[in-house]
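Content type mmCIF, C-alpha atoms, from the file upload-v4.cif:
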```cif
data_data
loop_
_atom_site.label_atom_id
_atom_site.label_comp_id
_atom_site.auth_asym_id
_atom_site.auth_seq_id
_atom_site.Cartn_x
_atom_site.Cartn_y
_atom_site.Cartn_z
CA GLN A 1 0.00 0.00 0.00
CA GLN A 2 2.91 2.33 0.83
CA GLN A 3 4.46 1.54 -2.54
CA GLN A 4 1.18 2.34 -4.29
CA GLN A 5 0.96 5.70 -2.48
CA GLN A 6 4.53 6.49 -3.53
CA GLN A 7 3.68 5.65 -7.14
CA GLN A 8 0.61 7.92 -7.03
CA GLN A 9 2.68 10.77 -5.57
CA GLN A 10 5.30 10.26 -8.24
CA GLN A 11 2.62 10.29 -10.97
CA HIS A 12 1.19 13.51 -9.54
CA GLN A 13 4.62 15.15 -9.48
CA THR A 14 5.30 13.95 -13.01
CA CYS A 15 2.01 15.34 -14.32
CA THR A 16 2.60 18.68 -12.61
CA SER A 17 6.09 19.06 -14.03
CA GLN A 18 4.93 17.85 -17.43
CA ARG A 19 2.15 20.42 -17.46
CA ASN A 20 4.70 23.17 -16.82
CA MET A 21 7.03 21.82 -19.48
CA ALA A 22 4.38 20.99 -22.09
CA GLU A 23 4.61 24.23 -24.04
CA GLU A 24 8.40 24.21 -24.11
CA ASN A 25 8.57 20.58 -25.23
CA LYS A 26 6.00 21.09 -27.98
CA LYS A 27 7.93 24.08 -29.39
CA ARG A 28 11.12 22.03 -29.38
CA ASP A 29 9.42 19.15 -31.18
CA ASP A 30 7.80 21.31 -33.88
CA ASN A 31 10.78 20.73 -36.14
CA ASP A 32 10.96 16.98 -35.53
CA GLU A 33 9.70 14.69 -38.26
CA GLY A 34 6.29 13.32 -37.44
CA SER A 35 5.87 15.49 -34.35
CA LEU A 36 2.40 16.45 -33.21
CA SER A 37 2.34 20.23 -33.46
CA SER A 38 -0.29 22.81 -32.65
CA ASN A 39 0.87 24.52 -35.88
CA SER A 40 -0.27 21.57 -37.98
CA VAL A 41 -2.72 22.33 -40.77
CA SER A 42 -6.27 21.95 -39.49
CA GLU A 43 -8.64 19.56 -41.24
CA ASP A 44 -11.74 21.01 -39.60
CA ASP A 45 -14.59 21.72 -41.95
CA GLU A 46 -15.22 25.41 -42.51
CA ASN A 47 -18.85 25.13 -41.45
CA GLU A 48 -18.14 23.27 -38.20
CA SER A 49 -16.78 24.40 -34.87
CA PRO A 50 -13.06 23.62 -34.51
CA ALA A 51 -12.23 20.55 -32.45
CA SER A 52 -10.31 22.73 -30.00
CA SER A 53 -13.59 24.34 -28.92
CA PHE A 54 -14.75 21.00 -27.47
CA LEU A 55 -11.93 20.82 -24.91
CA PRO A 56 -13.34 21.57 -21.44
CA SER A 57 -11.61 24.58 -19.91
CA TYR A 58 -10.76 22.72 -16.70
CA LEU A 59 -8.61 20.31 -18.74
CA SER A 60 -6.79 23.00 -20.70
CA GLY A 61 -3.90 23.04 -18.24
CA MET A 62 -3.13 19.38 -18.97
CA ILE A 63 -4.33 18.94 -22.57
CA GLN A 64 -3.60 20.96 -25.69
CA HIS A 65 -5.13 20.77 -29.15
CA SER A 66 -2.75 19.34 -31.73
CA HIS A 67 -4.56 19.10 -35.07
CA SER A 68 -7.83 17.84 -36.52
CA ASP A 69 -9.52 15.58 -33.92
CA PHE A 70 -6.29 15.03 -31.96
CA PHE A 71 -5.15 16.55 -28.68
CA VAL A 72 -1.87 16.01 -26.84
CA SER A 73 -0.64 15.63 -23.27
CA LEU A 74 2.49 14.48 -21.48
CA CYS A 75 0.53 13.03 -18.54
CA PHE A 76 -0.54 9.38 -18.43
CA ASP A 77 -2.12 9.41 -14.98
CA PRO A 78 -5.00 6.84 -14.93
CA ARG A 79 -7.27 9.44 -13.33
CA LEU A 80 -6.71 11.81 -16.26
CA VAL A 81 -7.31 8.96 -18.73
CA ALA A 82 -10.59 8.12 -16.98
CA GLN A 83 -11.62 11.80 -17.00
CA LEU A 84 -10.92 12.02 -20.73
CA MET A 85 -13.04 8.93 -21.34
CA CYS A 86 -15.84 10.53 -19.34
CA GLU A 87 -15.61 13.61 -21.57
CA GLY A 88 -15.93 11.53 -24.75
CA PHE A 89 -12.27 11.24 -25.76
CA LEU A 90 -10.62 8.07 -27.04
CA PRO A 91 -7.18 7.97 -25.35
CA ILE A 92 -4.45 6.60 -27.60
CA ALA A 93 -0.72 7.28 -27.48
CA THR A 94 2.63 7.62 -29.13
CA GLU A 95 5.80 6.49 -27.40
CA ARG A 96 6.07 9.88 -25.69
CA TYR A 97 2.64 11.53 -25.76
CA LEU A 98 -0.88 10.75 -24.64
CA ILE A 99 -3.06 11.49 -27.68
CA PRO A 100 -6.72 11.93 -26.70
CA LYS A 101 -8.85 11.75 -29.84
CA LEU A 102 -12.26 13.39 -30.02
CA HIS A 103 -14.38 12.27 -32.97
CA LYS A 104 -16.63 15.15 -33.99
CA ARG A 105 -18.57 12.74 -36.17
CA ARG A 106 -19.66 9.45 -34.67
CA CYS A 107 -21.61 6.42 -35.75
CA VAL A 108 -24.39 4.85 -33.71
CA ILE A 109 -24.91 1.10 -33.67
CA HIS A 110 -28.48 0.05 -34.37
CA PRO A 111 -30.02 -1.55 -31.27
CA LEU A 112 -29.60 -5.31 -31.30
CA LEU A 113 -32.86 -5.79 -29.46
CA SER A 114 -36.26 -4.20 -29.79
CA ASN A 115 -38.23 -4.02 -26.60
CA THR A 116 -41.62 -2.36 -26.80
CA PRO A 117 -44.68 -2.89 -24.63
CA SER A 118 -46.45 -4.59 -27.54
CA SER A 119 -43.70 -7.04 -28.46
CA PRO A 120 -41.04 -9.08 -26.65
CA PRO A 121 -37.31 -8.42 -27.20
CA LYS A 122 -36.21 -9.46 -30.67
CA CYS A 123 -32.72 -9.53 -32.14
CA HIS A 124 -32.33 -7.74 -35.49
CA VAL A 125 -28.95 -9.28 -36.32
CA HIS A 126 -29.05 -12.38 -38.50
CA THR A 127 -26.56 -15.11 -37.59
CA SER A 128 -26.12 -17.87 -40.14
CA ARG A 129 -26.23 -21.53 -39.15
CA SER A 130 -22.61 -22.03 -40.21
CA THR A 131 -21.51 -19.18 -37.96
CA LYS A 132 -23.45 -20.62 -35.03
CA LYS A 133 -21.83 -24.00 -35.68
CA LYS A 134 -18.32 -22.54 -35.81
CA SER A 135 -18.93 -20.46 -32.68
CA LYS A 136 -19.14 -23.65 -30.64
CA ARG A 137 -15.37 -23.95 -31.06
CA PHE A 138 -14.84 -20.83 -28.98
CA ALA A 139 -15.65 -19.47 -25.54
CA VAL A 140 -15.90 -15.83 -24.51
CA SER A 141 -14.78 -14.30 -21.22
CA ILE A 142 -14.68 -10.79 -19.78
CA ASN A 143 -11.72 -9.41 -17.80
CA ALA A 144 -10.04 -12.81 -17.60
CA ASN A 145 -6.60 -11.88 -18.96
CA PHE A 146 -5.87 -8.24 -19.75
CA THR A 147 -2.14 -8.86 -20.16
CA GLU A 148 -2.58 -11.62 -22.75
CA VAL A 149 -5.01 -9.50 -24.78
CA VAL A 150 -2.49 -6.65 -24.92
CA SER A 151 0.28 -9.09 -25.85
CA GLY A 152 -1.94 -10.51 -28.59
CA CYS A 153 -2.59 -7.01 -29.96
CA HIS A 154 1.15 -6.35 -30.03
CA GLU A 155 1.81 -9.66 -31.75
CA GLN A 156 -0.91 -9.11 -34.34
CA HIS A 157 -0.54 -5.39 -35.04
CA GLY A 158 2.77 -4.33 -33.53
CA GLU A 159 3.03 -1.87 -30.67
CA GLY A 160 0.90 0.61 -32.61
CA TRP A 161 -0.54 3.05 -30.08
CA LEU A 162 -0.45 0.58 -27.17
CA TYR A 163 2.82 1.85 -25.74
CA PRO A 164 3.88 0.93 -22.18
CA SER A 165 2.75 4.22 -20.60
CA ILE A 166 -0.85 3.98 -21.78
CA VAL A 167 -0.95 0.22 -21.17
CA GLN A 168 0.04 0.91 -17.55
CA ALA A 169 -2.79 3.47 -17.25
CA PHE A 170 -5.27 1.04 -18.81
CA LYS A 171 -4.08 -1.70 -16.46
CA ALA A 172 -4.76 0.49 -13.42
CA LEU A 173 -8.25 1.24 -14.75
CA HIS A 174 -8.81 -2.45 -15.54
CA ASP A 175 -7.73 -3.50 -12.04
CA ALA A 176 -10.18 -0.99 -10.57
CA THR A 177 -12.89 -2.37 -12.85
CA ARG A 178 -12.37 -5.92 -11.67
CA THR A 179 -13.29 -4.80 -8.17
CA GLY A 180 -16.62 -3.66 -9.61
CA VAL A 181 -15.98 0.03 -8.93
CA GLY A 182 -13.80 1.39 -11.72
CA LEU A 183 -12.34 4.89 -11.41
CA GLN A 184 -14.58 7.81 -10.53
CA ALA A 185 -14.50 10.70 -12.99
CA ALA A 186 -15.92 14.09 -12.14
CA LEU A 187 -19.03 15.41 -13.86
CA ILE A 188 -18.35 19.08 -14.53
CA ASP A 189 -20.99 21.57 -15.66
CA GLU A 190 -19.33 24.26 -17.74
CA GLN A 191 -21.63 27.15 -18.58
CA ARG A 192 -20.79 29.26 -21.58
CA PRO A 193 -18.87 32.44 -20.72
CA ARG A 194 -20.70 35.71 -21.00
CA ARG A 195 -20.07 38.02 -23.93
CA GLY A 196 -16.91 39.95 -23.30
CA GLY A 197 -15.40 37.19 -21.18
CA GLY A 198 -15.91 36.05 -17.65
CA GLY A 199 -18.82 33.94 -16.53
CA PRO A 200 -19.43 31.42 -13.80
CA PRO A 201 -16.68 28.91 -13.01
CA PRO A 202 -17.14 25.20 -13.77
CA VAL A 203 -19.31 23.43 -11.22
CA HIS A 204 -18.80 19.88 -9.92
CA VAL A 205 -22.22 18.22 -10.15
CA GLY A 206 -21.40 14.56 -9.46
CA THR A 207 -19.24 11.59 -10.36
CA CYS A 208 -19.28 8.94 -13.05
CA ALA A 209 -17.81 5.44 -12.89
CA VAL A 210 -15.41 4.68 -15.76
CA ARG A 211 -14.61 1.01 -16.35
CA LEU A 212 -12.20 -0.65 -18.76
CA TYR A 213 -12.78 -4.20 -19.98
CA SER A 214 -10.81 -6.88 -21.73
CA VAL A 215 -12.80 -9.33 -23.86
CA GLU A 216 -11.21 -12.70 -24.58
CA VAL A 217 -12.17 -15.33 -27.15
CA TRP A 218 -10.65 -18.72 -26.37
CA ASN A 219 -10.13 -21.76 -28.55
CA VAL A 220 -12.00 -24.45 -26.61
CA ALA A 221 -9.88 -27.30 -27.99
CA THR A 222 -6.46 -25.80 -27.28
CA GLY A 223 -7.22 -23.29 -24.54
CA ALA A 224 -5.28 -20.66 -26.48
CA LEU A 225 -6.41 -17.08 -26.90
CA ALA A 226 -7.92 -16.77 -30.39
CA ALA A 227 -8.94 -13.11 -30.26
CA GLY A 228 -9.28 -10.22 -27.86
CA GLU A 229 -10.44 -6.66 -27.50
CA LEU A 230 -10.24 -3.72 -25.11
CA GLY A 231 -13.08 -1.32 -24.45
CA TYR A 232 -14.48 0.98 -21.80
CA SER A 233 -17.83 2.11 -20.47
CA VAL A 234 -18.91 5.40 -18.91
#
```

Show me this structure written as structure tokens.
Amino acid sequence: QQQQQQQQQQQHQTCTSQRNMAEENKKRDDNDEGSLSSNSVSEDDENESPASSFLPSYLSGMIQHSHSDFFVSLCFDPRLVAQLMCEGFLPIATERYLIPKLHKRRCVIHPLLSNTPSSPPKCHVHTSRSTKKKSKRFAVSINANFTEVVSGCHEQHGEGWLYPSIVQAFKALHDATRTGVGLQAALIDEQRPRRGGGGPPPVHVGTCAVRLYSVEVWNVATGALAAGELGYSV
């Protein structure tokens, strides 16, 4: 427990120092190939609000807009990751930066079940007989082996955006999820500032549980992991 407290203090100190150094580091990296720069050409549509306008003001000290739908931070604290998830961001990463992504355009999955007072629940997704037959070869579990799912992603796709820093943050969130609690993110009500500036400060109105899950698909015959996925709920 003492070691965990020391790690949390170290993360807090790291995030604080990173916040102070963020602007300096970004200016230094502007000339690096492939760097994420706030001077990057924006891909925002002319008729839409820029993505930067969707960043809550209370996060502006830790997060900066990079380009298009991407933001950037040097802090990988699990509490910040959970807060970003609560605000609708998809946290991904490079080897050095946390890259919260905010999709301005989203898709909505059609409900799998219809449940109206006049009819019982009915699934709208057709599953062929051959698929049902093949599915008997596999078994599905939830939160059974986070580490093996991440390893499988690395083996299948390379390190990609699952670099050690964000994996560590996801692992902390996953461990909290397995207890049934998850991490508590703050619900902040930000009222629009009045014309000419000013306005009421953000108000804390509650909390929201953020949980991260690993989904495993196992080969029944061999016991090996056949597929896996990571996801989170708010």

Exercise. Evaluate the PyMOL selection byres ((chain A and resi 203-216) around 9) here and jot the selected residues down as a PyMOL selection string.
Key: chain A and resi 82-83+85-86+139-146+148-150+170-171+173-178+180-191+200-202+217-218+225-234

Quiz prompt | Computed interatomic separation between CA of His65 in chain A and CA of Trp161 in chain A (Å) | solution =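 About the pair CA of His65 in chain A and CA of Trp161 in chain A: they are 18.3 Å apart.
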
Quiz item: For the file shown, what are the residues hit by the PyMOL selection byres ((chain A and resi 74) around 6), laid out as a PyMOL selection string?
Solution: chain A and resi 18+73+75+97-98

Quiz item: If the PyMOL selection byres ((chain A and resi 102) around 8) is run on the structure shown, which residues does it catch, given as a list of chain:residue names?
Solution: A:Ala51, A:Asp69, A:Phe70, A:Phe71, A:Gly88, A:Phe89, A:Leu90, A:Pro100, A:Lys101, A:His103, A:Lys104

Output as AutoDock Vina command-line options the centre and edge lengths (Å, one decimal) of the box along x, y and z of the file that holds every listed atom of range 129-137 of chain A after adding 8 Å on each side.
```
--center_x -20.8 --center_y -21.6 --center_z -35.4 --size_x 26.9 --size_y 20.8 --size_z 25.6
```

Exercise. In Å, rounded to a single decimal, give me how far CA of His67 in chain A is from CA of Arg96 in chain A.
Key: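 It comes out at 16.9 Å.
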
Quiz item: If you measure from CA of Met62 in chain A to CA of His154 in chain A, what distance in Å do you get, rounded to one decimal?
Solution: 28.3 Å

Quiz item: Looking at A:Cys153, A:Pro56, A:Pro78, A:Arg137, which one is nearest to Ala172 in chain A, with distances taken over only C-alpha atoms?
Solution: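 Residue with the minimum atom-to-atom distance to Ala172 in chain A: A:Pro78.
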
Quiz item: Which one of A:Thr94, A:Thr222, A:Ser130, A:Ser151 sits closest to Ile166 in chain A if you count all atoms listed in the file?
Solution: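 Checking each of A:Thr94, A:Thr222, A:Ser130, A:Ser151 against Ile166 in chain A, counting all atoms listed in the file, the winner is A:Thr94.
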